[in-house]
$ cat model-v2.cif   # mmCIF, C-alpha atoms and all ligand atoms
data_my_file
loop_
_atom_site.label_atom_id
_atom_site.label_comp_id
_atom_site.auth_asym_id
_atom_site.auth_seq_id
_atom_site.Cartn_x
_atom_site.Cartn_y
_atom_site.Cartn_z
CA MET A 1 0.00 0.00 0.00
CA ALA A 2 1.49 3.25 -1.09
CA SER A 3 0.92 6.35 0.98
CA THR A 4 2.28 9.72 0.09
CA THR A 5 2.04 12.93 2.04
CA GLU A 6 1.10 14.90 -1.07
CA PRO A 7 -2.62 14.41 -1.67
CA LEU A 8 -3.94 12.74 -4.80
CA ASP A 9 -6.06 15.01 -6.99
CA LEU A 10 -9.42 13.59 -8.01
CA TYR A 11 -9.81 15.85 -11.05
CA ASP A 12 -6.45 14.75 -12.42
CA ILE A 13 -7.08 11.08 -11.63
CA ALA A 14 -10.41 11.37 -13.48
CA LEU A 15 -8.62 12.91 -16.49
CA LEU A 16 -6.19 10.00 -16.59
CA ILE A 17 -8.97 7.42 -16.26
CA SER A 18 -11.00 9.10 -19.00
CA TYR A 19 -8.00 9.11 -21.35
CA GLU A 20 -6.74 5.60 -20.62
CA TYR A 21 -10.19 3.99 -20.53
CA THR A 22 -11.44 5.46 -23.79
CA LEU A 23 -8.20 4.51 -25.51
CA ALA A 24 -8.36 0.90 -24.31
CA LYS A 25 -12.07 0.12 -24.64
CA PRO A 26 -12.02 -2.90 -26.99
CA GLU A 27 -15.47 -2.47 -28.53
CA PHE A 28 -14.42 0.81 -30.11
CA ARG A 29 -10.67 0.47 -30.45
CA GLY A 30 -9.86 1.88 -33.92
CA ALA A 31 -13.54 2.49 -34.79
CA ARG A 32 -14.05 5.13 -37.48
CA LEU A 33 -17.24 7.19 -37.67
CA ILE A 34 -18.91 6.80 -41.05
CA ASP A 35 -22.38 8.25 -40.56
CA VAL A 36 -24.54 10.09 -38.06
CA THR A 37 -28.14 11.16 -37.71
CA SER A 38 -30.06 13.07 -35.06
CA ARG A 39 -33.32 14.87 -34.52
CA ASP A 40 -31.59 18.23 -34.65
CA LYS A 41 -29.53 17.52 -37.74
CA LEU A 42 -31.63 15.39 -40.04
CA PHE A 43 -28.78 13.72 -41.82
CA PRO A 44 -29.81 10.83 -44.02
CA MET A 45 -28.05 7.71 -42.84
CA LEU A 46 -26.74 5.08 -45.17
CA PRO A 47 -29.81 3.26 -46.53
CA GLY A 48 -30.89 0.27 -44.52
CA TRP A 49 -28.65 1.00 -41.52
CA ASN A 50 -31.50 0.46 -39.05
CA GLU A 51 -32.89 -2.77 -40.49
CA GLY A 52 -33.50 -5.12 -37.60
CA ILE A 53 -33.19 -2.37 -34.98
CA PRO A 54 -36.76 -1.83 -33.68
CA GLU A 55 -35.36 0.24 -30.79
CA TRP A 56 -34.81 3.10 -33.26
CA ARG A 57 -38.27 4.61 -32.88
CA VAL A 58 -39.91 7.88 -31.90
CA ILE A 59 -40.74 8.14 -28.19
CA PRO A 60 -42.48 11.35 -27.08
CA GLY A 61 -40.18 13.54 -25.01
CA GLN A 62 -37.06 11.76 -26.22
CA SER A 63 -34.41 13.07 -28.60
CA ARG A 64 -32.58 10.56 -30.79
CA GLU A 65 -29.12 10.13 -32.17
CA ALA A 66 -27.49 7.31 -34.08
CA TYR A 67 -23.89 6.73 -35.03
CA LEU A 68 -22.55 4.26 -37.53
CA PHE A 69 -18.97 3.10 -37.06
CA ASP A 70 -16.61 1.06 -39.17
CA LYS A 71 -14.89 -1.39 -36.87
CA THR A 72 -12.52 -2.89 -39.43
CA ILE A 73 -9.27 -1.93 -37.71
CA PRO A 74 -8.48 -4.73 -35.25
CA ASN A 75 -8.14 -4.11 -31.51
CA THR A 76 -4.47 -4.99 -31.70
CA SER A 77 -3.70 -2.08 -34.05
CA SER A 78 -1.27 0.46 -32.68
CA GLU A 79 -3.06 3.15 -34.73
CA PRO A 80 -3.72 6.01 -32.29
CA ASP A 81 -7.32 6.70 -31.31
CA SER A 82 -8.48 10.26 -30.79
CA PRO A 83 -11.36 12.56 -31.77
CA SER A 84 -9.11 14.06 -34.45
CA ASN A 85 -8.75 10.80 -36.35
CA LEU A 86 -12.29 9.55 -35.88
CA LEU A 87 -13.01 9.90 -39.60
CA TRP A 88 -11.73 7.81 -42.49
CA GLU A 89 -11.20 10.96 -44.55
CA LYS A 90 -8.15 11.68 -42.45
CA MET A 91 -6.65 8.38 -43.56
CA PHE A 92 -7.89 8.27 -47.15
CA PRO A 93 -7.91 11.87 -48.33
CA GLY A 94 -10.26 12.44 -51.24
CA ASP A 95 -11.36 9.00 -52.23
CA ASN A 96 -11.62 5.32 -51.50
CA ILE A 97 -13.39 5.72 -48.18
CA PRO A 98 -14.76 2.35 -47.10
CA PHE A 99 -18.60 2.15 -47.15
CA LEU A 100 -18.90 5.48 -48.92
CA ARG A 101 -17.32 4.79 -52.29
CA ASN A 102 -20.61 5.10 -54.13
CA GLY A 103 -22.51 6.83 -51.37
CA GLN A 104 -23.71 10.35 -50.79
CA PRO A 105 -21.39 12.93 -49.26
CA ALA A 106 -20.74 11.84 -45.73
CA ALA A 107 -22.74 13.73 -43.12
CA VAL A 108 -19.77 13.34 -40.85
CA SER A 109 -17.77 15.85 -42.89
CA LEU A 110 -20.16 18.56 -41.62
CA LEU A 111 -19.42 17.88 -37.98
CA SER A 112 -17.45 20.44 -35.98
CA PRO A 113 -14.35 19.39 -33.99
CA ARG A 114 -16.42 19.72 -30.79
CA GLU A 115 -19.16 17.45 -32.20
CA LEU A 116 -16.54 14.89 -33.22
CA GLU A 117 -15.06 15.02 -29.73
CA THR A 118 -18.53 14.50 -28.21
CA ILE A 119 -19.24 11.51 -30.47
CA PHE A 120 -15.82 9.99 -29.77
CA TYR A 121 -16.44 10.05 -26.01
CA THR A 122 -20.15 9.16 -26.30
CA SER A 123 -19.33 5.92 -28.06
CA ARG A 124 -16.45 4.98 -25.79
CA ASN A 125 -18.52 5.61 -22.67
CA PHE A 126 -21.29 3.25 -23.68
CA ASN A 127 -22.17 0.86 -20.82
CA ALA A 128 -19.12 2.27 -19.08
CA CYS A 129 -20.43 3.32 -15.67
CA GLY A 130 -19.71 -0.01 -13.96
CA GLN A 131 -16.27 -0.33 -15.50
CA THR A 132 -15.08 3.25 -15.03
CA THR A 133 -16.23 3.41 -11.40
CA GLY A 134 -14.50 0.05 -10.90
CA VAL A 135 -11.29 1.44 -12.43
CA LEU A 136 -11.33 4.41 -10.04
CA TRP A 137 -12.12 2.19 -7.06
CA ARG A 138 -9.11 0.01 -7.87
CA VAL A 139 -6.80 2.99 -8.31
CA LEU A 140 -7.76 4.35 -4.88
CA ASP A 141 -7.44 0.89 -3.31
CA MET A 142 -3.76 0.91 -4.33
CA TYR A 143 -3.22 3.54 -1.60
CA SER A 144 -3.65 3.22 2.14
CA LYS A 145 -7.06 4.13 3.58
CA ASP A 146 -5.79 7.35 5.14
CA GLN A 147 -4.19 8.58 1.88
CA ARG A 148 -5.39 12.16 1.40
CA ILE A 149 -7.14 13.19 -1.80
CA ARG A 150 -7.89 16.71 -2.98
CA ILE A 151 -11.29 17.16 -4.54
CA ARG A 152 -11.63 20.06 -6.94
CA THR A 153 -15.02 20.34 -8.56
CA THR A 154 -15.44 21.77 -12.04
CA THR A 155 -17.19 24.78 -10.48
CA GLY A 156 -14.30 25.79 -8.22
CA LYS A 157 -15.02 24.14 -4.85
CA MET A 158 -12.05 22.46 -3.15
CA PHE A 159 -11.66 20.24 -0.09
CA THR A 160 -9.35 17.48 1.01
CA THR A 161 -10.49 14.18 2.45
CA THR A 162 -9.21 10.61 2.68
CA VAL A 163 -9.61 8.02 -0.07
CA ASP A 164 -11.77 5.72 2.08
CA ARG A 165 -14.47 8.40 2.37
CA ARG A 166 -16.20 7.26 -0.79
CA PHE A 167 -19.20 5.24 -1.91
CA PHE A 168 -20.47 3.68 -5.08
CA GLN A 169 -23.82 5.24 -5.88
CA ARG A 170 -26.40 3.30 -7.80
CA LEU A 171 -29.12 5.20 -9.63
CA ILE A 172 -32.00 4.25 -11.87
CA LEU A 173 -32.88 6.73 -14.57
CA HIS A 174 -36.55 6.42 -15.47
CA ARG A 175 -37.84 7.74 -18.80
CA PRO A 176 -34.44 8.62 -20.30
CA LYS A 177 -34.68 11.80 -22.33
CA LYS A 178 -32.33 10.68 -25.06
CA LEU A 179 -32.02 7.58 -27.18
CA THR A 180 -28.60 6.84 -28.63
CA VAL A 181 -28.00 3.95 -30.98
CA ILE A 182 -24.53 2.93 -32.03
CA VAL A 183 -23.90 0.43 -34.81
CA ALA A 184 -20.41 -0.85 -35.49
CA LYS A 185 -19.92 -2.71 -38.78
CA VAL A 186 -16.94 -4.56 -40.10
CA HIS A 187 -16.10 -3.44 -43.60
CA ASP A 188 -16.92 -5.95 -46.36
CA SER A 189 -18.72 -8.20 -43.90
CA ALA A 190 -22.47 -8.65 -44.17
CA THR A 191 -22.75 -10.29 -40.78
CA GLU A 192 -20.27 -8.75 -38.41
CA GLU A 193 -22.21 -6.01 -36.74
CA SER A 194 -22.67 -4.89 -33.14
CA VAL A 195 -25.42 -2.63 -31.85
CA TRP A 196 -25.58 -0.73 -28.55
CA PHE A 197 -28.31 1.45 -27.03
CA THR A 198 -28.64 4.06 -24.34
CA GLY A 199 -32.16 5.09 -23.38
CA ALA A 200 -34.02 2.41 -25.37
CA LYS A 201 -35.76 1.00 -22.30
CA ALA A 202 -38.15 2.63 -19.83
CA SER A 203 -35.38 2.80 -17.26
CA MET A 204 -31.63 2.36 -17.10
CA ASN A 205 -29.07 1.75 -14.39
CA HIS A 206 -26.33 4.24 -13.76
CA MET A 207 -23.40 4.34 -11.37
CA THR A 208 -21.20 7.08 -9.95
CA ILE A 209 -18.78 7.47 -7.04
CA GLY A 210 -19.57 9.92 -4.27
CA PHE A 211 -17.09 11.50 -1.83
CA PHE A 212 -17.59 13.11 1.53
CA ALA A 213 -15.45 15.44 3.64
CA GLU A 214 -14.07 14.47 7.04
CA HIS A 215 -16.66 16.43 9.01
CA GLU A 216 -19.56 15.17 6.88
CA ASN A 217 -21.48 11.93 6.98
CA LYS A 218 -23.04 12.08 3.55
CA VAL A 219 -21.79 12.42 0.00
CA SER A 220 -21.23 16.03 -1.01
CA VAL A 221 -19.43 15.60 -4.35
CA VAL A 222 -20.24 13.22 -7.19
CA LEU A 223 -17.89 11.96 -9.89
CA ASP A 224 -19.67 10.57 -12.94
CA LEU A 225 -16.90 9.14 -15.11
CA SER A 226 -19.19 7.95 -17.90
CA SER A 227 -21.38 11.03 -18.16
CA MET A 228 -20.34 11.39 -21.82
CA GLN A 229 -22.52 8.43 -22.77
CA PHE A 230 -25.28 11.06 -22.68
CA GLY A 231 -23.47 13.14 -25.30
CA GLU A 232 -23.05 16.91 -25.06
CA LEU A 233 -25.21 16.97 -21.89
CA GLY A 234 -22.59 14.85 -20.17
CA ARG A 235 -19.79 17.41 -20.39
CA GLY A 236 -18.41 18.80 -17.16
CA LEU A 237 -19.83 22.09 -15.88
CA LYS A 238 -17.47 24.94 -16.85
CA SER A 239 -14.67 22.50 -17.73
CA ASN A 240 -16.52 21.27 -20.83
CA GLY A 241 -14.59 18.12 -20.03
CA MET A 242 -15.27 14.44 -20.42
CA PHE A 243 -16.73 13.68 -16.97
CA ALA A 244 -18.91 15.32 -14.34
CA LEU A 245 -17.26 16.23 -11.02
CA GLU A 246 -19.62 18.44 -9.05
CA SER A 247 -21.64 18.94 -5.88
CA THR A 248 -24.52 16.57 -5.19
CA THR A 249 -26.96 19.43 -5.77
CA GLN A 250 -25.45 20.25 -9.15
CA TYR A 251 -25.41 16.60 -10.10
CA HIS A 252 -29.10 16.22 -9.29
CA GLU A 253 -29.84 19.22 -11.51
CA ARG A 254 -27.87 17.49 -14.27
CA LEU A 255 -29.87 14.27 -13.83
CA LYS A 256 -33.10 16.20 -14.48
CA THR A 257 -31.82 16.94 -17.98
CA LEU A 258 -31.15 13.22 -18.56
CA ALA A 259 -34.27 11.49 -17.25
CA GLY A 260 -37.90 12.09 -16.31
CA ASN A 261 -37.33 10.70 -12.84
CA VAL A 262 -34.26 9.44 -10.98
CA GLU A 263 -34.23 6.90 -8.18
CA HIS A 264 -31.28 6.79 -5.84
CA ILE A 265 -30.97 3.10 -5.01
CA ALA A 266 -27.96 2.71 -2.75
CA ASP A 267 -24.59 3.94 -1.54
CA TYR A 268 -22.28 1.01 -0.99
CA ARG A 269 -18.71 -0.27 -0.92
CA TYR A 270 -16.95 -2.49 -3.46
CA THR A 271 -18.16 -6.07 -3.65
CA THR A 272 -16.18 -9.14 -4.63
CA GLU A 273 -18.65 -9.87 -7.45
CA GLN A 274 -17.79 -6.54 -9.00
CA GLY A 275 -14.12 -7.34 -8.67
CA LYS A 276 -14.60 -10.62 -10.52
CA ALA A 277 -16.61 -8.90 -13.25
CA THR A 278 -13.79 -6.48 -14.05
CA PRO A 279 -12.05 -7.49 -17.30
CA GLU A 280 -8.25 -7.70 -17.41
CA TRP A 281 -7.93 -4.74 -19.76
CA ALA A 282 -9.82 -2.54 -17.27
CA LYS A 283 -7.50 -3.67 -14.47
CA ASP A 284 -4.60 -2.63 -16.71
CA VAL A 285 -6.22 0.80 -17.04
CA SER A 286 -6.14 1.16 -13.23
CA ARG A 287 -2.47 0.20 -13.15
CA ARG A 288 -1.57 2.64 -15.95
CA VAL A 289 -3.46 5.47 -14.24
CA LYS A 290 -1.54 4.94 -11.00
CA GLU A 291 1.77 4.73 -12.88
CA ARG A 292 1.05 7.99 -14.70
CA TRP A 293 0.00 9.72 -11.48
CA ASP A 294 3.21 8.56 -9.77
CA ARG A 295 5.26 9.97 -12.69
CA ARG A 296 3.37 13.29 -12.65
CA ASP A 297 6.44 15.45 -12.03
CA THR A 298 8.25 14.22 -15.15
CA ASP A 299 5.39 13.16 -17.48
CA PRO A 300 2.53 15.67 -17.31
CA TRP A 301 -0.82 15.37 -19.09
CA CYS A 302 -3.27 17.63 -20.86
CA GLY A 303 -5.62 19.41 -18.44
CA HIS A 304 -8.52 18.90 -20.86
CA CYS A 305 -8.15 15.37 -22.23
CA GLY A 306 -5.45 13.67 -20.14
CA ALA A 307 -3.17 12.95 -23.12
CA PRO A 308 0.57 12.71 -22.48
CA SER A 309 3.27 14.47 -24.47
CA THR A 310 4.17 12.56 -27.61
CA VAL A 311 7.19 12.70 -29.86
CA GLY A 312 6.72 15.62 -32.21
CA LYS A 313 3.75 16.94 -30.23
CA PRO A 314 4.93 18.11 -26.79
CA LEU A 315 2.40 19.53 -24.33
CA LYS A 316 2.47 23.27 -23.67
CA LYS A 317 2.31 24.94 -20.25
CA CYS A 318 -0.30 27.41 -19.04
CA MET A 319 1.85 30.56 -19.06
CA ARG A 320 -0.02 32.09 -16.13
CA CYS A 321 0.63 29.42 -13.49
CA LEU A 322 3.22 27.18 -15.21
CA LYS A 323 1.52 24.25 -13.48
CA VAL A 324 -0.98 22.86 -15.99
CA TRP A 325 -0.26 21.54 -19.46
CA TYR A 326 -2.30 21.27 -22.65
CA CYS A 327 -2.13 19.49 -26.03
CA ASP A 328 -2.68 22.77 -27.85
CA ALA A 329 -4.33 26.18 -27.66
CA GLN A 330 -7.72 24.63 -28.44
CA HIS A 331 -7.70 22.30 -25.42
CA GLN A 332 -6.47 25.15 -23.24
CA LYS A 333 -9.30 27.38 -24.43
CA VAL A 334 -11.97 24.72 -23.86
CA ASN A 335 -10.70 24.16 -20.30
CA TRP A 336 -10.19 27.80 -19.33
CA GLN A 337 -13.53 28.41 -17.54
CA PHE A 338 -12.55 25.54 -15.23
CA HIS A 339 -8.84 26.19 -14.90
CA LYS A 340 -9.13 29.93 -14.24
CA GLN A 341 -10.74 29.07 -10.87
CA TYR A 342 -7.48 27.41 -9.78
CA CYS A 343 -4.85 29.21 -11.90
CA SER A 344 -2.43 31.99 -10.83
CA GLY A 345 -1.97 30.85 -7.25
CA GLN A 346 -5.66 30.49 -6.40
CA LEU A 347 -5.39 26.77 -5.68
CA GLU A 348 -2.47 27.50 -3.34
CA VAL A 349 -4.63 30.06 -1.48
CA MET A 350 -7.40 27.46 -1.09
CA ILE A 351 -4.89 24.92 0.21
CA ALA A 352 -3.52 27.41 2.76
CA GLN A 353 -7.03 28.38 3.89
CA GLU A 354 -8.01 24.77 4.36
CA ALA A 355 -4.81 24.07 6.36
CA ALA A 356 -5.47 27.11 8.57
CA ALA A 357 -9.06 26.00 9.21
CA ARG A 358 -7.77 22.56 10.15
CA ASP A 359 -5.26 24.00 12.64
CA GLU A 360 -7.94 26.21 14.16
CA SER A 361 -10.27 23.28 14.74
CA LYS A 362 -7.39 21.44 16.48
CA ILE A 363 -6.81 24.39 18.79
CA ILE A 364 -10.47 24.54 19.72
CA HIS A 365 -10.48 20.83 20.34
CA TYR A 366 -7.42 21.07 22.60
CA HIS A 367 -8.85 24.00 24.52
CA HIS A 368 -12.06 22.07 25.01
CA LEU A 369 -10.13 19.17 26.52
CA VAL A 370 -8.23 21.44 28.88
CA VAL A 371 -11.43 23.02 30.19
CA GLU A 372 -12.91 19.61 30.93
ZN ZN B 401 -5.65 17.55 -24.76
ZN ZN B 402 -2.81 28.22 -15.25
#
$ encode --input "model-v2.cif" --output "structure tokens" --more "lines below"
Ligand SMILES: [Zn+2]
Ligand SMILES: [Zn+2]
Amino acid sequence: MASTTEPLDLYDIALLISYEYTLAKPEFRGARLIDVTSRDKLFPMLPGWNEGIPEWRVIPGQSREAYLFDKTIPNTSSEPDSPSNLLWEKMFPGDNIPFLRNGQPAAVSLLSPRELETIFYTSRNFNACGQTTGVLWRVLDMYSKDQRIRIRTTTGKMFTTTVDRRFFQRLILHRPKKLTVIVAKVHDSATEESVWFTGAKASMNHMTIGFFAEHENKVSVVLDLSSMQFGELGRGLKSNGMFALESTTQYHERLKTLAGNVEHIADYRYTTEQGKATPEWAKDVSRRVKERWDRRDTDPWCGHCGAPSTVGKPLKKCMRCLKVWYCDAQHQKVNWQFHKQYCSGQLEVMIAQEAAARDESKIIHYHHLVVE
């Protein structure tokens, strides 16, 4: 059990999990987006795409989106996965795009970089709540119970607690407000096809991890690592990032946008059944996340997407605080509404204030004992 005096940082750990999990998820490893349709953008999909998918239907009060992926690249490919190479066009400029050789102009070419990013994370967070919460649970279990962890929400609240002050939270979302259908086809194969749904049933399970401060006895901050399965609505408040890390109140407001009614089923600890259900590749994600956190001083990551520096594409520092790194100016810009709450020494002020409050409570406690 490792224990370090410097606290872990939940926001950064979540960034690393988001990056490593989406990169490793086998169902979508190397998947290229070939078509998209939604209620808002009535793109025509490739003819016949929804044959045999009765779940693709109009339900009052529900918006709909469908994505068609080409899953020809095998999982073992070392081809990098990222929102910027989600499209075949990037690999076959101009012509010879699989599936579209004789087709209409691809709707996907009209998507903005932000929409591509949303779709990339939406697909990779499908059915991910159990696995991503399991990954985080395992990472935190690699430290001793009294290991301190700093919790910075995306809206600028900070407190420090210990890693054992956490619960799994199980929710049921009734009457989901959005239906998402994802079809992944293998090029030149009539039979190899996988279909996934979010929101196709009257209710769906969801899972998050809640944290509480030392003086509290109930969860005050929620981390939803797979919030992006709900698309644009799943982005972090202010951070525009790929997970939700916010107060319980804010998270409940968010849930109202996702479902007609939400039932909070239980707060509980890890169970051995869950441990057994975790696939090996997800356990590897936990190990990689801890390794990257432990190397944080020499190998930083992007404050928006969690990507490391790569050869030929080094990360760049925030020039105000020199503490946070980004892939490029775009990721810095997207993250600024979040980061400006902690930049330029503000996090250090919060840390000092919290330490002072802690000392004060000790003095009061001591005084109290003396009087008795
Ligand atoms: Zn980035
Ligand atoms: Zn900064």
$ residues_around --input "model-v2.cif" --residues "stretch 69-83 of chain A" --least-positions-apart "2" --cutoff "10 Å" --atoms "only C-alpha atoms" --output "PyMOL selection string"
chain A and resi 19+22-36+66-67+85-88+98-99+113-121+123+182-189+192-194+305+307
$ residues_around --input "model-v2.cif" --residues "A:Cys302" --least-positions-apart "2" --cutoff "6 Å" --atoms "only C-alpha atoms" --output "PyMOL selection string"
chain A and resi 304-307+325-327
$ atom_distance --input "model-v2.cif" --atom1 "atom CA of A:Lys283" --atom2 "atom CA of A:Asp9"
20.2 Å
$ residues_around --input "model-v2.cif" --residues "A:Asp294" --least-positions-apart "5" --cutoff "10 Å" --atoms "only C-alpha atoms" --output "list in words"
Thr4, Leu8, Arg288, Val289 and Asp299 of chain A
$ residues_around --input "model-v2.cif" --residues "A:Asn217" --least-positions-apart "3" --cutoff "12 Å" --atoms "all atoms listed in the file" --output "mmCIF file with C-alpha atoms, in the frame of the given file"
data_model
loop_
_atom_site.group_PDB
_atom_site.id
_atom_site.type_symbol
_atom_site.label_atom_id
_atom_site.label_comp_id
_atom_site.auth_asym_id
_atom_site.auth_seq_id
_atom_site.Cartn_x
_atom_site.Cartn_y
_atom_site.Cartn_z
ATOM 1 C CA ARG A 165 -14.470 8.400 2.370
ATOM 2 C CA ARG A 166 -16.200 7.260 -0.790
ATOM 3 C CA PHE A 167 -19.200 5.240 -1.910
ATOM 4 C CA GLY A 210 -19.570 9.920 -4.270
ATOM 5 C CA PHE A 211 -17.090 11.500 -1.830
ATOM 6 C CA PHE A 212 -17.590 13.110 1.530
ATOM 7 C CA ALA A 213 -15.450 15.440 3.640
ATOM 8 C CA GLU A 214 -14.070 14.470 7.040
ATOM 9 C CA SER A 220 -21.230 16.030 -1.010
#
$ residues_near_ligand --input "model-v2.cif" --ligand "ligand ZN 402 (chain B)" --cutoff "6 Å" --atoms "all atoms listed in the file" --output "PDB file with C-alpha atoms, in the coordinates of the input"
ATOM      1  CA  CYS A 318      -0.300  27.410 -19.040  1.00  0.00           C
ATOM      2  CA  ARG A 320      -0.020  32.090 -16.130  1.00  0.00           C
ATOM      3  CA  CYS A 321       0.630  29.420 -13.490  1.00  0.00           C
ATOM      4  CA  VAL A 324      -0.980  22.860 -15.990  1.00  0.00           C
ATOM      5  CA  CYS A 343      -4.850  29.210 -11.900  1.00  0.00           C
ATOM      6  CA  SER A 344      -2.430  31.990 -10.830  1.00  0.00           C
TER       7      SER A 344
END
$ atom_distance --input "model-v2.cif" --atom1 "atom CA of A:Trp293" --atom2 "atom CA of A:Arg148"
14.2 Å
$ residues_around --input "model-v2.cif" --residues "stretch 140-145 of chain A" --least-positions-apart "4" --cutoff "12 Å" --atoms "all atoms listed in the file" --output "JSON, numbers by chain"
{"A": [1, 2, 3, 4, 5, 7, 8, 9, 10, 13, 14, 17, 133, 134, 135, 136, 149, 161, 162, 163, 164, 165, 166, 167, 209, 269, 270, 275, 283, 286, 287, 288, 289, 290, 291, 293, 294]}
$ axis_aligned_box --input "model-v2.cif" --around "stretch 309-326 of chain A" --padding-each-side "5 Å" --output "lines of an AutoDock Vina configuration file"
center_x = 2.4
center_y = 22.3
center_z = -22.8
size_x = 19.5
size_y = 29.5
size_z = 28.7
$ closest_residue --input "model-v2.cif" --among "A:Met158, A:Val181, A:Leu16, A:Val222" --to "ligand ZN 401 (chain B)" --atoms "all atoms listed in the file"
A:Leu16
$ atom_distance --input "model-v2.cif" --atom1 "atom CA of A:Thr155" --atom2 "atom CA of A:Gly241"
11.9 Å
$ closest_residue --input "model-v2.cif" --among "A:Glu354, A:Glu232, A:Glu246, A:Asp284" --to "A:Phe338" --atoms "all atoms listed in the file"
A:Glu246
$ closest_residue --input "model-v2.cif" --among "A:Lys218, A:Lys333, A:Lys323, A:Arg138" --to "ligand ZN 401 (chain B)" --atoms "only C-alpha atoms and all ligand atoms"
A:Lys333
$ closest_residue --input "model-v2.cif" --among "A:His264, A:Lys316, A:Arg296, A:His215" --to "ligand ZN 401 (chain B)" --atoms "only C-alpha atoms and all ligand atoms"
A:Lys316
$ closest_residue --input "model-v2.cif" --among "A:Gln147, A:Gln131, A:Ser226, A:Gln341" --to "A:Ala277" --atoms "all atoms listed in the file"
A:Gln131
$ closest_residue --input "model-v2.cif" --among "A:Gly345, A:Pro279, A:Gly199, A:Pro308" --to "ligand ZN 401 (chain B)" --atoms "all atoms listed in the file"
A:Pro308
$ build_atoms --input "model-v2.cif" --residues "stretch 173-185 of chain A" --atoms "N, CA, C and O atoms" --output "PDB file, in the coordinates of the input"
ATOM      1  N   LEU A 173     -32.337   5.605 -13.809  1.00  0.00           N
ATOM      2  CA  LEU A 173     -32.880   6.730 -14.570  1.00  0.00           C
ATOM      3  C   LEU A 173     -34.141   6.252 -15.285  1.00  0.00           C
ATOM      4  O   LEU A 173     -34.080   5.416 -16.189  1.00  0.00           O
ATOM      5  N   HIS A 174     -35.282   6.785 -14.837  1.00  0.00           N
ATOM      6  CA  HIS A 174     -36.550   6.420 -15.470  1.00  0.00           C
ATOM      7  C   HIS A 174     -36.855   7.415 -16.599  1.00  0.00           C
ATOM      8  O   HIS A 174     -36.561   8.601 -16.486  1.00  0.00           O
ATOM      9  N   ARG A 175     -37.488   6.934 -17.626  1.00  0.00           N
ATOM     10  CA  ARG A 175     -37.840   7.740 -18.800  1.00  0.00           C
ATOM     11  C   ARG A 175     -36.654   8.575 -19.301  1.00  0.00           C
ATOM     12  O   ARG A 175     -36.657   9.804 -19.261  1.00  0.00           O
ATOM     13  N   PRO A 176     -35.607   7.901 -19.769  1.00  0.00           N
ATOM     14  CA  PRO A 176     -34.440   8.620 -20.300  1.00  0.00           C
ATOM     15  C   PRO A 176     -34.857   9.586 -21.410  1.00  0.00           C
ATOM     16  O   PRO A 176     -35.700   9.251 -22.235  1.00  0.00           O
ATOM     17  N   LYS A 177     -34.251  10.767 -21.388  1.00  0.00           N
ATOM     18  CA  LYS A 177     -34.680  11.800 -22.330  1.00  0.00           C
ATOM     19  C   LYS A 177     -33.979  11.713 -23.681  1.00  0.00           C
ATOM     20  O   LYS A 177     -34.266  12.478 -24.585  1.00  0.00           O
ATOM     21  N   LYS A 178     -33.036  10.798 -23.789  1.00  0.00           N
ATOM     22  CA  LYS A 178     -32.330  10.680 -25.060  1.00  0.00           C
ATOM     23  C   LYS A 178     -32.086   9.214 -25.405  1.00  0.00           C
ATOM     24  O   LYS A 178     -31.712   8.427 -24.546  1.00  0.00           O
ATOM     25  N   LEU A 179     -32.325   8.910 -26.664  1.00  0.00           N
ATOM     26  CA  LEU A 179     -32.020   7.580 -27.180  1.00  0.00           C
ATOM     27  C   LEU A 179     -30.781   7.683 -28.061  1.00  0.00           C
ATOM     28  O   LEU A 179     -30.721   8.529 -28.956  1.00  0.00           O
ATOM     29  N   THR A 180     -29.790   6.879 -27.778  1.00  0.00           N
ATOM     30  CA  THR A 180     -28.600   6.840 -28.630  1.00  0.00           C
ATOM     31  C   THR A 180     -28.408   5.405 -29.107  1.00  0.00           C
ATOM     32  O   THR A 180     -28.442   4.471 -28.304  1.00  0.00           O
ATOM     33  N   VAL A 181     -28.245   5.270 -30.391  1.00  0.00           N
ATOM     34  CA  VAL A 181     -28.000   3.950 -30.980  1.00  0.00           C
ATOM     35  C   VAL A 181     -26.647   3.984 -31.659  1.00  0.00           C
ATOM     36  O   VAL A 181     -26.354   4.923 -32.421  1.00  0.00           O
ATOM     37  N   ILE A 182     -25.828   3.011 -31.380  1.00  0.00           N
ATOM     38  CA  ILE A 182     -24.530   2.930 -32.030  1.00  0.00           C
ATOM     39  C   ILE A 182     -24.417   1.589 -32.748  1.00  0.00           C
ATOM     40  O   ILE A 182     -24.659   0.540 -32.155  1.00  0.00           O
ATOM     41  N   VAL A 183     -24.092   1.652 -34.031  1.00  0.00           N
ATOM     42  CA  VAL A 183     -23.900   0.430 -34.810  1.00  0.00           C
ATOM     43  C   VAL A 183     -22.449   0.409 -35.261  1.00  0.00           C
ATOM     44  O   VAL A 183     -21.947   1.404 -35.801  1.00  0.00           O
ATOM     45  N   ALA A 184     -21.785  -0.697 -35.017  1.00  0.00           N
ATOM     46  CA  ALA A 184     -20.410  -0.850 -35.490  1.00  0.00           C
ATOM     47  C   ALA A 184     -20.359  -2.000 -36.482  1.00  0.00           C
ATOM     48  O   ALA A 184     -20.713  -3.132 -36.146  1.00  0.00           O
ATOM     49  N   LYS A 185     -19.982  -1.701 -37.717  1.00  0.00           N
ATOM     50  CA  LYS A 185     -19.920  -2.710 -38.780  1.00  0.00           C
ATOM     51  C   LYS A 185     -18.468  -3.029 -39.097  1.00  0.00           C
ATOM     52  O   LYS A 185     -17.604  -2.185 -38.944  1.00  0.00           O
TER      53      LYS A 185
END
